[in-house]
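Coordinates as given in entry_19.txt (compact mmCIF, C-alpha atoms and all ligand atoms):
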# COMPACT_ATOMS: atom_id res chain seq x y z
CA MET A 22 -13.05 1.82 -35.58
CA SER A 23 -12.99 4.13 -32.60
CA LYS A 24 -15.52 3.56 -29.88
CA ASN A 25 -18.26 5.94 -28.83
CA ALA A 26 -17.65 7.67 -25.55
CA SER A 27 -20.56 5.69 -24.13
CA ASP A 28 -18.88 2.34 -24.91
CA LYS A 29 -15.80 3.22 -22.97
CA LEU A 30 -15.25 2.33 -19.38
CA LYS A 31 -15.15 5.48 -17.25
CA ILE A 32 -12.22 5.35 -14.92
CA ALA A 33 -11.07 7.89 -12.35
CA VAL A 34 -7.48 7.78 -11.18
CA ILE A 35 -6.88 9.34 -7.73
CA PHE A 36 -3.38 10.43 -6.70
CA GLY A 37 -1.39 12.60 -4.30
CA GLY A 38 -2.91 12.70 -0.86
CA ARG A 39 -2.17 13.73 2.70
CA SER A 40 0.72 11.37 3.33
CA GLY A 41 4.49 11.39 3.39
CA GLU A 42 4.24 9.28 0.25
CA HIS A 43 2.45 12.00 -1.78
CA GLU A 44 5.34 12.35 -4.25
CA VAL A 45 5.70 8.60 -4.65
CA SER A 46 1.99 8.46 -5.48
CA LEU A 47 2.40 11.09 -8.22
CA MET A 48 5.16 9.01 -9.82
CA SER A 49 3.04 5.85 -9.68
CA ALA A 50 0.01 7.69 -11.14
CA LYS A 51 2.06 9.01 -14.04
CA SER A 52 2.86 5.45 -15.08
CA VAL A 53 -0.73 4.25 -14.67
CA LEU A 54 -2.15 7.16 -16.71
CA SER A 55 0.38 6.56 -19.46
CA VAL A 56 -0.91 3.05 -20.17
CA LEU A 57 -4.68 3.52 -19.91
CA ASP A 58 -5.73 2.97 -23.51
CA PRO A 59 -7.85 5.98 -24.63
CA GLU A 60 -9.70 3.66 -27.04
CA ARG A 61 -11.01 1.68 -24.10
CA TYR A 62 -11.08 4.09 -21.18
CA ASP A 63 -12.50 7.51 -20.56
CA VAL A 64 -10.12 8.81 -17.88
CA THR A 65 -10.75 11.42 -15.19
CA GLN A 66 -7.81 12.65 -13.12
CA ILE A 67 -8.48 13.41 -9.46
CA GLY A 68 -5.67 14.89 -7.40
CA ILE A 69 -5.62 15.25 -3.63
CA THR A 70 -3.29 18.00 -2.43
CA HIS A 71 -0.99 17.81 0.59
CA GLU A 72 -3.70 19.70 2.49
CA GLY A 73 -6.35 17.17 1.44
CA ALA A 74 -8.19 19.30 -1.15
CA TRP A 75 -9.71 17.30 -4.04
CA VAL A 76 -9.11 18.81 -7.49
CA SER A 77 -9.72 17.66 -11.03
CA GLY A 78 -8.74 18.67 -14.56
CA GLU A 79 -7.28 17.21 -17.72
CA ASN A 80 -3.75 17.89 -16.56
CA ALA A 81 -4.31 17.58 -12.82
CA LEU A 82 -1.30 15.30 -12.40
CA ALA A 83 1.04 17.67 -14.23
CA VAL A 84 -0.21 20.62 -12.16
CA LEU A 85 0.16 18.77 -8.86
CA SER A 86 3.62 17.60 -9.90
CA GLY A 87 4.64 21.19 -10.65
CA GLU A 88 5.23 20.34 -14.31
CA ALA A 89 2.44 22.58 -15.63
CA ASP A 90 0.45 25.64 -14.62
CA GLY A 91 -3.27 25.68 -14.73
CA GLU A 92 -6.49 26.08 -12.84
CA LEU A 93 -7.95 22.92 -11.39
CA THR A 94 -11.59 22.44 -10.46
CA PRO A 95 -12.35 21.76 -6.79
CA VAL A 96 -14.38 18.54 -6.63
CA ILE A 97 -16.07 16.31 -4.09
CA LEU A 98 -16.99 12.66 -4.11
CA PRO A 99 -20.09 12.34 -1.95
CA GLY A 100 -20.46 9.24 0.16
CA ASP A 101 -24.10 9.13 -0.96
CA PRO A 102 -24.61 6.32 -3.51
CA THR A 103 -27.77 7.90 -4.90
CA LEU A 104 -25.65 10.82 -6.13
CA ARG A 105 -22.97 8.60 -7.70
CA GLY A 106 -20.19 10.61 -9.29
CA LEU A 107 -17.89 13.55 -9.02
CA TYR A 108 -19.37 16.95 -8.17
CA THR A 109 -18.28 20.55 -8.14
CA LEU A 110 -19.86 23.76 -6.88
CA GLN A 111 -21.44 25.99 -9.54
CA ASP A 112 -23.34 29.11 -8.53
CA ALA A 113 -23.58 27.80 -4.98
CA ARG A 114 -25.14 24.51 -6.16
CA PHE A 115 -23.64 21.07 -6.54
CA ALA A 116 -23.24 20.16 -10.19
CA LYS A 117 -22.28 16.70 -11.42
CA LEU A 118 -19.07 16.77 -13.44
CA THR A 119 -18.92 13.11 -14.34
CA ASP A 120 -19.71 9.68 -13.09
CA PHE A 121 -17.44 6.66 -13.43
CA ASP A 122 -17.42 2.87 -13.50
CA VAL A 123 -14.18 2.30 -11.61
CA LEU A 124 -11.92 4.29 -9.31
CA PHE A 125 -8.22 3.57 -9.19
CA PRO A 126 -6.64 4.98 -6.02
CA VAL A 127 -2.93 5.21 -6.82
CA MET A 128 -2.13 6.37 -3.32
CA HIS A 129 0.29 5.15 -0.71
CA GLY A 130 0.30 5.44 3.06
CA THR A 131 -2.06 7.31 5.34
CA TYR A 132 -5.48 8.36 3.96
CA GLY A 133 -4.93 6.33 0.80
CA GLU A 134 -3.77 2.85 1.63
CA ASP A 135 -5.02 2.51 5.20
CA GLY A 136 -8.74 1.93 4.72
CA THR A 137 -9.90 5.52 5.21
CA LEU A 138 -10.30 6.32 1.50
CA GLN A 139 -11.67 2.81 1.00
CA GLY A 140 -14.33 3.59 3.61
CA LEU A 141 -15.48 6.59 1.59
CA LEU A 142 -15.56 4.51 -1.60
CA GLU A 143 -17.62 1.80 0.13
CA MET A 144 -20.07 4.43 1.35
CA ALA A 145 -20.32 5.79 -2.20
CA ASP A 146 -20.89 2.22 -3.46
CA VAL A 147 -18.40 2.41 -6.33
CA ALA A 148 -16.04 -0.17 -7.82
CA TYR A 149 -12.43 0.50 -6.91
CA VAL A 150 -9.04 -1.11 -7.35
CA GLY A 151 -7.36 -2.80 -4.40
CA ALA A 152 -8.18 -4.06 -0.93
CA GLY A 153 -11.26 -3.02 1.01
CA VAL A 154 -11.44 -1.41 4.45
CA THR A 155 -10.29 -4.38 6.54
CA GLY A 156 -7.46 -5.57 4.30
CA SER A 157 -6.18 -2.03 3.91
CA ALA A 158 -6.34 -1.19 7.63
CA VAL A 159 -4.82 -4.45 8.84
CA GLY A 160 -2.16 -4.33 6.13
CA MET A 161 -1.25 -0.83 7.25
CA ASP A 162 -1.01 -1.42 11.00
CA LYS A 163 2.20 -3.35 11.62
CA GLY A 164 1.11 -4.23 15.18
CA VAL A 165 -2.33 -5.69 14.40
CA PHE A 166 -0.93 -7.27 11.25
CA LYS A 167 1.59 -9.28 13.28
CA ASP A 168 -1.13 -10.57 15.60
CA VAL A 169 -3.17 -11.74 12.61
CA MET A 170 -0.08 -13.45 11.17
CA ARG A 171 0.59 -15.25 14.47
CA ALA A 172 -3.03 -16.37 14.65
CA ASN A 173 -2.57 -17.93 11.19
CA GLY A 174 0.71 -19.64 12.03
CA ILE A 175 2.71 -17.37 9.72
CA PRO A 176 6.18 -16.61 11.18
CA VAL A 177 6.97 -13.00 12.11
CA VAL A 178 9.97 -11.47 13.90
CA GLU A 179 9.56 -11.03 17.69
CA ALA A 180 8.47 -7.53 18.64
CA VAL A 181 6.85 -5.42 21.34
CA LEU A 182 4.49 -2.55 20.89
CA ALA A 183 4.76 0.69 22.87
CA LEU A 184 2.40 3.65 23.01
CA ARG A 185 3.69 7.19 22.57
CA SER A 186 2.33 7.98 26.04
CA GLU A 187 4.34 5.06 27.50
CA ILE A 188 7.49 6.24 25.71
CA GLN A 189 6.97 9.74 27.09
CA ALA A 190 6.08 8.74 30.66
CA GLY A 191 8.05 5.53 31.19
CA LEU A 192 10.96 5.28 28.78
CA ASP A 193 12.97 3.00 31.12
CA ASP A 194 10.13 0.53 31.24
CA VAL A 195 9.80 0.46 27.44
CA VAL A 196 13.56 -0.09 27.09
CA ARG A 197 13.38 -2.94 29.64
CA ARG A 198 10.49 -4.59 27.77
CA ALA A 199 12.41 -4.37 24.49
CA GLU A 200 15.64 -5.72 25.96
CA ALA A 201 13.70 -8.68 27.36
CA VAL A 202 12.80 -9.66 23.76
CA SER A 203 16.29 -10.01 22.32
CA ASP A 204 19.80 -8.60 22.07
CA TYR A 205 20.63 -5.55 19.97
CA PRO A 206 20.17 -4.53 17.20
CA PHE A 207 16.50 -3.58 17.14
CA PHE A 208 14.43 -1.99 14.43
CA VAL A 209 12.04 0.64 15.70
CA LYS A 210 9.15 1.73 13.49
CA PRO A 211 5.92 3.68 13.60
CA ALA A 212 3.02 1.17 13.44
CA ASN A 213 1.19 2.95 10.62
CA LEU A 214 3.57 4.31 8.05
CA GLY A 215 5.54 3.24 5.00
CA SER A 216 8.54 4.12 2.83
CA SER A 217 10.75 3.55 5.91
CA VAL A 218 9.77 6.97 7.30
CA GLY A 219 10.62 7.01 11.03
CA VAL A 220 12.28 3.56 10.89
CA SER A 221 15.66 3.22 12.62
CA LYS A 222 18.16 0.49 13.28
CA CYS A 223 19.29 0.66 16.90
CA ASN A 224 22.62 -0.92 17.80
CA ASN A 225 22.66 0.05 21.48
CA ARG A 226 20.53 1.57 24.23
CA SER A 227 21.12 5.18 23.31
CA ASP A 228 20.18 4.43 19.68
CA LEU A 229 17.05 2.74 20.96
CA ILE A 230 16.01 5.78 22.99
CA GLU A 231 16.62 8.04 20.00
CA GLY A 232 14.74 5.65 17.70
CA LEU A 233 11.75 5.51 20.04
CA MET A 234 11.52 9.30 20.12
CA GLU A 235 11.79 9.50 16.35
CA ALA A 236 9.13 6.85 15.68
CA ALA A 237 6.80 8.31 18.33
CA ALA A 238 6.83 11.60 16.43
CA TYR A 239 5.14 9.82 13.50
CA ASP A 240 2.62 7.60 15.24
CA ARG A 241 1.03 7.02 18.62
CA ARG A 242 1.99 3.32 18.42
CA VAL A 243 5.56 2.15 17.93
CA LEU A 244 6.91 -1.30 17.14
CA ILE A 245 10.27 -2.48 18.50
CA GLU A 246 11.50 -5.50 16.59
CA ARG A 247 14.48 -7.82 16.83
CA GLY A 248 16.88 -6.93 14.04
CA VAL A 249 17.49 -9.74 11.59
CA ASN A 250 20.53 -9.97 9.34
CA ALA A 251 18.26 -10.51 6.40
CA ARG A 252 17.82 -10.77 2.68
CA GLU A 253 14.66 -8.93 1.64
CA ILE A 254 12.40 -10.95 -0.63
CA GLU A 255 9.17 -9.59 -2.11
CA VAL A 256 6.27 -11.24 -3.95
CA SER A 257 3.44 -9.67 -5.96
CA VAL A 258 -0.01 -11.12 -5.42
CA LEU A 259 -2.92 -10.46 -7.79
CA GLY A 260 -6.57 -11.52 -7.63
CA ASN A 261 -9.69 -11.58 -5.49
CA ASP A 262 -10.94 -14.92 -4.13
CA GLU A 263 -8.29 -16.94 -5.98
CA PRO A 264 -5.15 -14.84 -5.77
CA GLN A 265 -1.97 -15.76 -7.66
CA ALA A 266 1.63 -15.11 -6.62
CA SER A 267 4.37 -13.86 -8.96
CA VAL A 268 7.97 -15.03 -8.93
CA PRO A 269 9.79 -13.59 -5.88
CA GLY A 270 12.24 -10.71 -6.25
CA GLU A 271 15.03 -9.54 -3.99
CA VAL A 272 15.79 -5.99 -2.91
CA LEU A 273 19.48 -5.09 -2.74
CA PRO A 274 19.52 -1.95 -0.56
CA SER A 275 22.21 0.67 -1.19
CA ARG A 276 22.60 1.31 2.57
CA GLU A 277 22.78 -0.63 5.82
CA PHE A 278 19.03 -1.23 5.53
CA TYR A 279 16.30 -0.32 3.06
CA SER A 280 15.83 3.21 4.44
CA TYR A 281 13.97 6.14 2.82
CA GLU A 282 17.26 7.40 1.33
CA SER A 283 18.07 3.98 0.02
CA LYS A 284 14.59 3.67 -1.54
CA TYR A 285 14.16 7.07 -3.12
CA VAL A 286 17.27 9.26 -2.84
CA ASP A 287 20.34 7.23 -3.83
CA GLY A 288 18.69 5.59 -6.81
CA THR A 289 21.19 2.77 -6.54
CA SER A 290 19.23 0.12 -4.64
CA GLY A 291 18.94 -2.84 -6.96
CA LEU A 292 16.22 -5.36 -7.70
CA GLN A 293 17.16 -8.97 -8.43
CA ILE A 294 14.31 -10.55 -10.43
CA PRO A 295 13.69 -13.37 -9.95
CA ALA A 296 15.40 -13.73 -6.58
CA LEU A 297 18.11 -16.36 -6.58
CA LEU A 298 16.63 -18.95 -4.24
CA PRO A 299 16.38 -22.73 -4.06
CA ASP A 300 13.12 -23.97 -5.64
CA GLU A 301 11.65 -25.15 -2.31
CA MET A 302 12.23 -21.72 -0.76
CA THR A 303 10.63 -20.00 -3.77
CA GLU A 304 7.54 -22.19 -3.44
CA LYS A 305 7.37 -21.72 0.34
CA ILE A 306 7.51 -17.94 -0.09
CA ARG A 307 4.84 -17.89 -2.81
CA THR A 308 2.53 -20.08 -0.75
CA LEU A 309 2.98 -17.93 2.38
CA ALA A 310 2.35 -14.78 0.32
CA VAL A 311 -1.03 -16.07 -0.85
CA LYS A 312 -1.91 -17.31 2.65
CA THR A 313 -1.12 -13.85 4.05
CA TYR A 314 -3.15 -12.14 1.35
CA LYS A 315 -6.19 -14.25 2.18
CA ALA A 316 -5.67 -13.94 5.95
CA ILE A 317 -6.16 -10.18 5.89
CA ASP A 318 -8.83 -10.25 3.14
CA CYS A 319 -6.90 -8.46 0.41
CA ALA A 320 -8.38 -7.86 -3.04
CA GLY A 321 -6.97 -6.72 -6.36
CA MET A 322 -3.31 -6.59 -5.45
CA ALA A 323 -0.71 -6.52 -2.71
CA ARG A 324 3.03 -6.83 -2.42
CA VAL A 325 4.05 -9.23 0.34
CA ASP A 326 7.52 -8.67 1.84
CA PHE A 327 9.69 -11.20 3.64
CA LEU A 328 12.89 -11.22 5.67
CA LEU A 329 15.09 -14.25 5.06
CA ASP A 330 17.67 -14.64 7.85
CA LYS A 331 21.13 -14.95 6.26
CA ASP A 332 22.55 -16.66 9.34
CA THR A 333 19.88 -19.25 10.14
CA GLY A 334 17.86 -19.52 6.91
CA ASP A 335 14.66 -18.72 8.87
CA LEU A 336 11.92 -16.99 6.91
CA TYR A 337 9.71 -14.23 8.37
CA LEU A 338 6.77 -12.35 6.96
CA ASN A 339 7.67 -8.66 7.31
CA GLU A 340 4.79 -6.64 5.89
CA VAL A 341 2.11 -6.25 3.25
CA ASN A 342 1.61 -3.24 1.00
CA THR A 343 -1.93 -3.12 -0.35
CA LEU A 344 -1.15 -0.25 -2.76
CA PRO A 345 2.52 -0.88 -3.50
CA GLY A 346 4.80 1.44 -5.46
CA PHE A 347 3.44 1.27 -8.99
CA THR A 348 5.79 3.02 -11.40
CA GLN A 349 6.92 1.01 -14.41
CA ILE A 350 10.20 0.29 -12.60
CA SER A 351 8.64 -0.60 -9.23
CA MET A 352 8.99 -4.10 -7.81
CA TYR A 353 5.24 -4.91 -7.96
CA PRO A 354 4.77 -4.57 -11.75
CA LYS A 355 8.32 -5.74 -12.48
CA LEU A 356 7.60 -9.06 -10.78
CA TRP A 357 4.48 -9.52 -12.92
CA GLU A 358 6.43 -8.65 -16.02
CA ALA A 359 8.87 -11.43 -15.11
CA SER A 360 5.87 -13.70 -14.62
CA GLY A 361 4.48 -12.92 -18.10
CA LEU A 362 2.08 -10.02 -17.51
CA SER A 363 3.02 -6.61 -18.98
CA TYR A 364 2.43 -3.36 -17.09
CA ALA A 365 -0.51 -2.41 -19.34
CA GLN A 366 -2.07 -5.87 -19.01
CA LEU A 367 -1.66 -5.63 -15.25
CA VAL A 368 -3.55 -2.33 -15.10
CA ASP A 369 -6.36 -3.79 -17.27
CA ARG A 370 -6.55 -6.82 -14.99
CA LEU A 371 -6.78 -4.67 -11.85
CA VAL A 372 -9.71 -2.78 -13.38
CA GLU A 373 -11.46 -6.08 -14.18
CA LEU A 374 -10.85 -7.34 -10.64
CA ALA A 375 -12.37 -4.14 -9.22
CA LEU A 376 -15.52 -4.67 -11.32
CA GLU A 377 -15.72 -8.35 -10.36
CA ARG A 378 -15.45 -7.51 -6.69
CA LYS A 379 -18.13 -4.86 -6.93
CA ALA A 380 -20.43 -7.35 -8.68
CA ASP A 381 -19.78 -9.79 -5.84
CA ARG A 382 -20.55 -7.10 -3.22
CA ASP A 383 -23.78 -6.31 -5.05
CA ARG A 384 -24.91 -9.89 -4.46
CA THR A 385 -24.94 -9.27 -0.71
CA GLU A 386 -28.42 -8.92 0.76
CA ARG A 387 -28.70 -5.51 2.42
CA ARG A 388 -32.11 -5.87 4.00
CA PHE A 389 -33.24 -8.42 6.49
CA ARG A 390 -35.55 -10.86 4.69
CA ARG A 391 -38.28 -11.68 7.11
CA ASP A 392 -40.57 -14.32 5.78
CA ALA A 393 -44.19 -13.33 6.18
N1 LIG B 1 13.22 -6.77 12.00
C1 LIG B 1 13.98 -6.29 11.02
N2 LIG B 1 15.23 -6.81 10.79
C2 LIG B 1 16.00 -6.33 9.80
N3 LIG B 1 15.68 -5.32 8.99
C3 LIG B 1 14.49 -4.73 9.17
C4 LIG B 1 13.56 -5.20 10.18
N4 LIG B 1 12.46 -4.44 10.12
C5 LIG B 1 12.68 -3.53 9.14
N5 LIG B 1 13.88 -3.69 8.56
C6 LIG B 1 14.47 -2.85 7.49
O1 LIG B 1 13.77 -1.60 7.45
C7 LIG B 1 13.07 -1.45 6.19
C8 LIG B 1 11.73 -0.77 6.41
O2 LIG B 1 10.94 -1.51 7.31
P1 LIG B 1 9.48 -2.01 6.93
O3 LIG B 1 8.99 -2.84 8.08
O4 LIG B 1 9.52 -2.69 5.61
O5 LIG B 1 8.64 -0.67 6.88
P2 LIG B 1 8.07 0.23 5.67
O6 LIG B 1 6.61 0.02 5.70
O7 LIG B 1 8.44 1.62 6.03
O8 LIG B 1 8.70 -0.26 4.39
C9 LIG B 1 13.00 -2.86 5.64
O9 LIG B 1 12.88 -2.86 4.24
C10 LIG B 1 14.31 -3.45 6.12
O10 LIG B 1 15.41 -2.98 5.34
MG MG B 2 8.82 -2.18 3.69

Represent the structure of the file as structure tokens.
Ligand SMILES: Nc1ncnc2c1ncn2[C@@H]1O[C@H](COP(=O)(O)OP(=O)(O)O)[C@@H](O)[C@H]1O
Ligand SMILES: [Mg+2]
Amino acid sequence: MSKNASDKLKIAVIFGGRSGEHEVSLMSAKSVLSVLDPERYDVTQIGITHEGAWVSGENALAVLSGEADGELTPVILPGDPTLRGLYTLQDARFAKLTDFDVLFPVMHGTYGEDGTLQGLLEMADVAYVGAGVTGSAVGMDKGVFKDVMRANGIPVVEAVLALRSEIQAGLDDVVRRAEAVSDYPFFVKPANLGSSVGVSKCNNRSDLIEGLMEAAAYDRRVLIERGVNAREIEVSVLGNDEPQASVPGEVLPSREFYSYESKYVDGTSGLQIPALLPDEMTEKIRTLAVKTYKAIDCAGMARVDFLLDKDTGDLYLNEVNTLPGFTQISMYPKLWEASGLSYAQLVDRLVELALERKADRDRTERRFRRDA
């Protein structure tokens, strides 16, 4: 028997966004939308254009992806919880289009994964999938993230941080500080970005100078890290207060490192699932992944990435992705599949976790209780 519209959970999927990972987000959203069971969910599509405009419509994803033509409705999500829902302008007045029970931001990078969108959703007091403001922001900033890891005794590769202004005004000094950390090669990366955009491997001083310039174009803070001859191992973590780790997987990059081209252009980077590792190493990695997840207060999901030194066997925590690539062939869902949870079950579970977390937030006292 089919359910009444009122019995269904209203879910809004948000995709696109003002980030270099806009296109990756559209691919992830296509997969998510394809498995949301219409018997159980009433789905609203919300697209955010490259310019940051919010639009909605039944085929918003297809229109944003350039696969269909059509008019989309401009919408806003007010940060005012008493309004609750998605609005549009009609005859110069705000009109409510729909409300929803859960929001699923399928967005990567800046303005989607970095805590800014999460801040709006907190203001609006809605349930949403994934980490909150702190987990998202700390997970996004590779500099602050490393400090939090060190404070928790989780090993990270040695690095120094340089400001764009320091790179512009005192390049020699930045180079000296980097060279004091280790020998070449270095990896230089913008502190707040993903998909390897602006990341370079620097084998000598002139590479380093070029890499610093490149990274500084993308962010005002740049990380210079000792290059490790590493295997890249990734783990999917799922849950709120009691997160679980999947089996680890290994990335087999098609180029010298897992660059943007290697991730999205060549199409020949491989995934080895599960990663071929001794049992103790597998357990160590899974334990560290959960510890990391808790340390930065993640929720819902995150993919935790490691570097395993091929020469010494040393293990380092590289980074966390709080809204990891989420197509059906992406590492995050693939690792869960190998751990016994199908893609569709994973999406259902993320929606449940979002509702559980909202219920937990609602238990927080918002007013000071002063006993009379
Ligand atoms: N310290 C390092 N040693 C060796 N390889 C690295 C190092 N840092 C980054 N890389 C390589 O660069 C890629 C992108 O860097 P990463 O820190 O994961 O940033 P992003 O958020 O862009 O994925 C990694 O997947 C890896 O191939
Ligand atoms: Mg990475």

Cut-off 7 Å around (-6.3, 22.9, -14.4) with all atoms listed in the file: residues as a count of residues only: 9

Environment of ligand MG 2 (chain B) within 12 Å, counting only C-alpha atoms and all ligand atoms, reported as a PyMOL selection string: chain A and resi 130+160-161+163+210-220+253-255+272+274+278-281+283-284+324-328+338-343+345-346+352

Would you mind exporting C-alpha atoms of the selected residues as a CSV table (one decimal), keeping the file's coordinate frame?
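Final output, saved to selection-v4.csv:
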chain,number,residue,atom,x,y,z
A,130,GLY,CA,0.3,5.4,3.1
A,160,GLY,CA,-2.2,-4.3,6.1
A,161,MET,CA,-1.2,-0.8,7.2
A,163,LYS,CA,2.2,-3.4,11.6
A,210,LYS,CA,9.2,1.7,13.5
A,211,PRO,CA,5.9,3.7,13.6
A,212,ALA,CA,3.0,1.2,13.4
A,213,ASN,CA,1.2,3.0,10.6
A,214,LEU,CA,3.6,4.3,8.0
A,215,GLY,CA,5.5,3.2,5.0
A,216,SER,CA,8.5,4.1,2.8
A,217,SER,CA,10.8,3.6,5.9
A,218,VAL,CA,9.8,7.0,7.3
A,219,GLY,CA,10.6,7.0,11.0
A,220,VAL,CA,12.3,3.6,10.9
A,253,GLU,CA,14.7,-8.9,1.6
A,254,ILE,CA,12.4,-11.0,-0.6
A,255,GLU,CA,9.2,-9.6,-2.1
A,272,VAL,CA,15.8,-6.0,-2.9
A,274,PRO,CA,19.5,-2.0,-0.6
A,278,PHE,CA,19.0,-1.2,5.5
A,279,TYR,CA,16.3,-0.3,3.1
A,280,SER,CA,15.8,3.2,4.4
A,281,TYR,CA,14.0,6.1,2.8
A,283,SER,CA,18.1,4.0,0.0
A,284,LYS,CA,14.6,3.7,-1.5
A,324,ARG,CA,3.0,-6.8,-2.4
A,325,VAL,CA,4.0,-9.2,0.3
A,326,ASP,CA,7.5,-8.7,1.8
A,327,PHE,CA,9.7,-11.2,3.6
A,328,LEU,CA,12.9,-11.2,5.7
A,338,LEU,CA,6.8,-12.4,7.0
A,339,ASN,CA,7.7,-8.7,7.3
A,340,GLU,CA,4.8,-6.6,5.9
A,341,VAL,CA,2.1,-6.2,3.2
A,342,ASN,CA,1.6,-3.2,1.0
A,343,THR,CA,-1.9,-3.1,-0.4
A,345,PRO,CA,2.5,-0.9,-3.5
A,346,GLY,CA,4.8,1.4,-5.5
A,352,MET,CA,9.0,-4.1,-7.8

Skip Tyr364 (chain A) itself and residues of its chain fewer than 2 positions away, then list as a compact mmCIF listing (two decimals) with C-alpha atoms, in the coordinates of the input all residues within 8 Å of it, counting all atoms listed in the file.
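Okay, this is what ended up in out12.txt:
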# COMPACT_ATOMS: atom_id res chain seq x y z
CA VAL A 56 -0.91 3.05 -20.17
CA GLN A 349 6.92 1.01 -14.41
CA PRO A 354 4.77 -4.57 -11.75
CA LYS A 355 8.32 -5.74 -12.48
CA TRP A 357 4.48 -9.52 -12.92
CA GLU A 358 6.43 -8.65 -16.02
CA LEU A 362 2.08 -10.02 -17.51
CA GLN A 366 -2.07 -5.87 -19.01
CA LEU A 367 -1.66 -5.63 -15.25
CA VAL A 368 -3.55 -2.33 -15.10

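Using only C-alpha atoms for every distance, the candidate list A:Phe115, A:Phe347, A:Tyr132, A:Tyr314 yields A:Tyr314 as the residue closest to Val258 (chain A).
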
Pairwise distance for CA of Val311 (chain A) and CA of Val150 (chain A), rounded to one decimal in Å: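 Those two atoms sit 18.2 Å apart.
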
Of the listed residues A:Leu297, A:Met302, A:Val286, A:Leu244, that which approaches ligand LIG 1 (chain B) most closely, counting all atoms listed in the file: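 So, comparing all the options, the nearest one is A:Leu244.
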
Residues within 10 Å of Asn261 (chain A), only C-alpha atoms, excluding chain neighbours under 3 positions, as a count of residues only: 17

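One finds CA of Ser257 (chain A) at 11.8 Å from CA of Ile294 (chain A).
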
Separation of CA of Val268 (chain A) from CA of Ile35 (chain A), in Å and rounded to one decimal: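 We find that CA of Val268 (chain A) and CA of Ile35 (chain A) lie 28.6 Å from each other.
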
Write out as JSON an axis-aligned box for ligand LIG 1 (chain B): all of its atoms listed in the file, 4 Å added on each side, centre and edge lengths in Å with one decimal.
{"center_x": 11.3, "center_y": -2.6, "center_z": 8.1, "size_x": 17.4, "size_y": 16.4, "size_z": 15.8}

Among listed residues A:Ala50, A:Thr70, A:Ile317, A:Asn250, nearest Asp168 (chain A) (using all atoms listed in the file): A:Ile317

Residue neighbourhood Leu192 (chain A), 12 Å, only C-alpha atoms, exclusion window fewer than 6 positions, as a PyMOL selection string: chain A and resi 183-186+198-199+226-227+229-234+237

Nearest-residue call for ligand LIG 1 (chain B), choices A:Asp383, A:Gly361, A:Asp332, A:Gly248, using all atoms listed in the file: A:Gly248

Counting all atoms listed in the file, the residue of A:Glu42, A:Asp90, A:Asp381, A:Asp392 that sits nearest ligand LIG 1 (chain B): A:Glu42

Closest of A:Tyr353, A:Tyr337, A:Phe125, A:Phe389 to ligand LIG 1 (chain B) - atom-to-atom distances counting all atoms listed in the file: A:Tyr337

Ref. answer, residues at most 9 Å from (-15.6, 4.9, -17.2) with all atoms listed in the file, as a ChimeraX atom specification: /A:27-33,61-65,120-124

Env of Leu47 (chain A): 10 Å cut, atoms = only C-alpha atoms, seq-sep filter 2 positions within chain, self excluded. Answer as a PDB file with C-alpha atoms, in the coordinates of the input.
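The resulting around-v7.pdb:
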ATOM      1  CA  ILE A  35      -6.880   9.340  -7.730  1.00  0.00           C
ATOM      2  CA  PHE A  36      -3.380  10.430  -6.700  1.00  0.00           C
ATOM      3  CA  GLY A  37      -1.390  12.600  -4.300  1.00  0.00           C
ATOM      4  CA  GLY A  38      -2.910  12.700  -0.860  1.00  0.00           C
ATOM      5  CA  GLU A  42       4.240   9.280   0.250  1.00  0.00           C
ATOM      6  CA  HIS A  43       2.450  12.000  -1.780  1.00  0.00           C
ATOM      7  CA  GLU A  44       5.340  12.350  -4.250  1.00  0.00           C
ATOM      8  CA  VAL A  45       5.700   8.600  -4.650  1.00  0.00           C
ATOM      9  CA  SER A  49       3.040   5.850  -9.680  1.00  0.00           C
ATOM     10  CA  ALA A  50       0.010   7.690 -11.140  1.00  0.00           C
ATOM     11  CA  LYS A  51       2.060   9.010 -14.040  1.00  0.00           C
ATOM     12  CA  SER A  52       2.860   5.450 -15.080  1.00  0.00           C
ATOM     13  CA  VAL A  53      -0.730   4.250 -14.670  1.00  0.00           C
ATOM     14  CA  GLY A  68      -5.670  14.890  -7.400  1.00  0.00           C
ATOM     15  CA  LEU A  82      -1.300  15.300 -12.400  1.00  0.00           C
ATOM     16  CA  ALA A  83       1.040  17.670 -14.230  1.00  0.00           C
ATOM     17  CA  LEU A  85       0.160  18.770  -8.860  1.00  0.00           C
ATOM     18  CA  SER A  86       3.620  17.600  -9.900  1.00  0.00           C
ATOM     19  CA  VAL A 127      -2.930   5.210  -6.820  1.00  0.00           C
ATOM     20  CA  MET A 128      -2.130   6.370  -3.320  1.00  0.00           C
ATOM     21  CA  HIS A 129       0.290   5.150  -0.710  1.00  0.00           C
ATOM     22  CA  PHE A 347       3.440   1.270  -8.990  1.00  0.00           C
ATOM     23  CA  THR A 348       5.790   3.020 -11.400  1.00  0.00           C
TER      24      THR A 348
END

Close residues, region 100-114 of chain A itself excluded, 7 Å, all atoms listed in the file, min 4 positions apart in chain, as number ranges by chain: A: 95-96, 118-121, 141, 144-146
